[in-house]
Each structure stands twice: as C-alpha cells, then as structure tokens.
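Dropping coords_20.pdb in here (PDB, C-alpha atoms):
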```
ATOM      1  CA  MET X   1     -11.112-119.839  51.630  1.00  0.00           C
ATOM      2  CA  VAL X   2     -12.138-119.610  47.976  1.00  0.00           C
ATOM      3  CA  LYS X   3     -14.136-116.489  47.161  1.00  0.00           C
ATOM      4  CA  THR X   4     -15.712-114.966  44.074  1.00  0.00           C
ATOM      5  CA  PRO X   5     -13.468-113.700  41.236  1.00  0.00           C
ATOM      6  CA  ALA X   6     -11.274-110.698  41.972  1.00  0.00           C
ATOM      7  CA  SER X   7     -13.328-107.552  42.123  1.00  0.00           C
ATOM      8  CA  LYS X   8     -12.153-104.554  40.167  1.00  0.00           C
ATOM      9  CA  SER X   9     -12.628-102.519  43.342  1.00  0.00           C
ATOM     10  CA  ALA X  10     -10.438-104.785  45.491  1.00  0.00           C
ATOM     11  CA  SER X  11      -7.319-103.012  46.579  1.00  0.00           C
ATOM     12  CA  PHE X  12      -3.967-104.222  45.367  1.00  0.00           C
ATOM     13  CA  GLU X  13      -2.871-104.810  48.944  1.00  0.00           C
ATOM     14  CA  SER X  14      -5.910-106.911  49.869  1.00  0.00           C
ATOM     15  CA  ALA X  15      -5.536-108.966  46.683  1.00  0.00           C
ATOM     16  CA  VAL X  16      -1.862-109.636  47.437  1.00  0.00           C
ATOM     17  CA  ALA X  17      -2.704-110.602  51.026  1.00  0.00           C
ATOM     18  CA  GLU X  18      -5.361-113.049  49.844  1.00  0.00           C
ATOM     19  CA  LEU X  19      -2.988-114.447  47.234  1.00  0.00           C
ATOM     20  CA  GLU X  20      -0.337-115.010  49.921  1.00  0.00           C
ATOM     21  CA  THR X  21      -2.886-116.866  52.050  1.00  0.00           C
ATOM     22  CA  ILE X  22      -3.837-119.077  49.118  1.00  0.00           C
ATOM     23  CA  VAL X  23      -0.194-119.883  48.403  1.00  0.00           C
ATOM     24  CA  GLN X  24       0.386-120.831  52.054  1.00  0.00           C
ATOM     25  CA  GLU X  25      -2.697-123.071  52.069  1.00  0.00           C
ATOM     26  CA  MET X  26      -1.605-124.789  48.870  1.00  0.00           C
ATOM     27  CA  GLU X  27       1.984-125.210  50.038  1.00  0.00           C
ATOM     28  CA  ASN X  28       0.658-126.805  53.227  1.00  0.00           C
ATOM     29  CA  GLY X  29      -0.621-129.635  51.043  1.00  0.00           C
ATOM     30  CA  GLN X  30      -3.658-130.313  53.209  1.00  0.00           C
ATOM     31  CA  LEU X  31      -6.334-129.149  50.749  1.00  0.00           C
ATOM     32  CA  PRO X  32      -8.457-131.792  49.053  1.00  0.00           C
ATOM     33  CA  LEU X  33      -8.084-131.814  45.267  1.00  0.00           C
ATOM     34  CA  ASP X  34     -11.311-129.932  44.544  1.00  0.00           C
ATOM     35  CA  GLN X  35     -10.422-127.193  47.038  1.00  0.00           C
ATOM     36  CA  ALA X  36      -6.863-127.015  45.697  1.00  0.00           C
ATOM     37  CA  LEU X  37      -8.181-126.521  42.166  1.00  0.00           C
ATOM     38  CA  ALA X  38     -10.600-123.823  43.320  1.00  0.00           C
ATOM     39  CA  ALA X  39      -7.797-122.115  45.257  1.00  0.00           C
ATOM     40  CA  TYR X  40      -5.568-122.248  42.170  1.00  0.00           C
ATOM     41  CA  GLN X  41      -8.309-120.656  40.050  1.00  0.00           C
ATOM     42  CA  ARG X  42      -8.833-117.919  42.637  1.00  0.00           C
ATOM     43  CA  GLY X  43      -5.077-117.348  42.812  1.00  0.00           C
ATOM     44  CA  THR X  44      -4.765-116.921  39.055  1.00  0.00           C
ATOM     45  CA  SER X  45      -7.679-114.473  39.108  1.00  0.00           C
ATOM     46  CA  LEU X  46      -6.031-112.460  41.885  1.00  0.00           C
ATOM     47  CA  LEU X  47      -2.699-112.536  40.061  1.00  0.00           C
ATOM     48  CA  ARG X  48      -4.278-111.131  36.878  1.00  0.00           C
ATOM     49  CA  HIS X  49      -6.012-108.445  38.950  1.00  0.00           C
ATOM     50  CA  CYS X  50      -2.709-107.425  40.576  1.00  0.00           C
ATOM     51  CA  GLN X  51      -0.867-107.413  37.257  1.00  0.00           C
ATOM     52  CA  THR X  52      -3.554-105.178  35.743  1.00  0.00           C
ATOM     53  CA  GLN X  53      -3.322-102.736  38.642  1.00  0.00           C
ATOM     54  CA  LEU X  54       0.478-102.637  38.370  1.00  0.00           C
ATOM     55  CA  THR X  55       0.297-102.017  34.624  1.00  0.00           C
ATOM     56  CA  GLN X  56      -2.167 -99.165  35.172  1.00  0.00           C
ATOM     57  CA  ALA X  57       0.087 -97.666  37.853  1.00  0.00           C
ATOM     58  CA  GLU X  58       3.085 -97.832  35.494  1.00  0.00           C
ATOM     59  CA  GLN X  59       1.099 -96.102  32.753  1.00  0.00           C
ATOM     60  CA  THR X  60       0.023 -93.374  35.162  1.00  0.00           C
ATOM     61  CA  ILE X  61       3.644 -92.821  36.202  1.00  0.00           C
ATOM     62  CA  ARG X  62       4.721 -92.576  32.550  1.00  0.00           C
ATOM     63  CA  VAL X  63       2.025 -89.979  31.879  1.00  0.00           C
ATOM     64  CA  LEU X  64       3.002 -87.959  34.942  1.00  0.00           C
ATOM     65  CA  GLU X  65       6.683 -88.095  33.987  1.00  0.00           C
ATOM     66  CA  ALA X  66       5.882 -87.056  30.410  1.00  0.00           C
ATOM     67  CA  GLU X  67       3.795 -84.133  31.644  1.00  0.00           C
ATOM     68  CA  ALA X  68       6.578 -83.006  33.975  1.00  0.00           C
ATOM     69  CA  ALA X  69       9.387 -83.444  31.424  1.00  0.00           C
ATOM     70  CA  PRO X  70       8.691 -80.629  28.874  1.00  0.00           C
ATOM     71  CA  GLY X  71       9.215 -77.825  31.404  1.00  0.00           C
ATOM     72  CA  ASP X  72      12.202 -79.444  33.057  1.00  0.00           C
ATOM     73  CA  PRO X  73      15.705 -78.519  31.848  1.00  0.00           C
ATOM     74  CA  GLN X  74      17.613 -81.338  30.217  1.00  0.00           C
ATOM     75  CA  PRO X  75      20.561 -82.706  32.270  1.00  0.00           C
TER
END
```

As structure tokens, what does this structure read like?
Amino acid sequence: MVKTPASKSASFESAVAELETIVQEMENGQLPLDQALAAYQRGTSLLRHCQTQLTQAEQTIRVLEAEAAPGDPQP
C-alpha cells in the first residue's frame, strides 16, 4: 500500500485516511520488514503533510480573526 510521497494537492482528509490505513497495517504486524519500513516512511511523509496543512489553516484563522477584530467592539 506504499505510494509516492505526499502530494501538496492531496486533501487533508485523504492523507489522514491513508495514514490510518498504514497504522492499521503496521499494527497488524503482518508486513515484512521492508514493507514495514516503506510504510513507516510513507506515514511520516503523510504526517508532515497533515501538520503543514493544519499550521496553514491556523494561520489563516488568525489572519481572519485579526481582520475582523478592529471593527468589533471590545467586550
């Protein structure tokens, strides 16, 4: 089930789904060593991709909140 490195265009949801599949396969313990290592590498790539997308989403939210804040009355 090992694929090419995480694509920048891959959706967060599809990356998480693939990561979950990899974790299940590895937890099953039936993968030969070389496949387990390849799955681990793919999983770390997907994890970095997801973390990057989450960081970008957080930054976007901060920008949107900052843009909305100046006109809003203070509580």

With 3 Å on each side, where is the centre of the axis-aligned box around all listed atoms of segment 37-54 of chain X, and how long are its edges in Å to one decimal, as AutoDock Vina command-line options?
```
--center_x -5.1 --center_y -114.6 --center_z 40.5 --size_x 17.1 --size_y 29.9 --size_z 15.5
```

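Running the PyMOL selection byres ((chain X and resi 36-43) around 7) on this file leaves Val2, Pro5, Leu19, Ile22, Met26, Leu31, Pro32, Leu33, Asp34, Gln35, Thr44, Ser45, Leu46 and Leu47 of chain X selected.
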
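Here atom CA of Arg48 of chain X and atom CA of Glu67 of chain X stand 28.7 Å from one another.
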
Exercise. Report the distance between atom CA of Ala15 of chain X and atom CA of Cys50 of chain X in Å, rounded to one decimal place.
Key: 6.9 Å

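Interatomic distance, atom CA of Ala69 of chain X to atom CA of Leu54 of chain X: 22.3 Å.
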
Quiz item: From the set X:Phe12, X:Gly29, X:Val23, X:Glu18, which residue has the shortest atom-to-atom contact distance to Gln56 of chain X, counting only C-alpha atoms?
Solution: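 Among X:Phe12, X:Gly29, X:Val23, X:Glu18, it is X:Phe12 that comes nearest to Gln56 of chain X.
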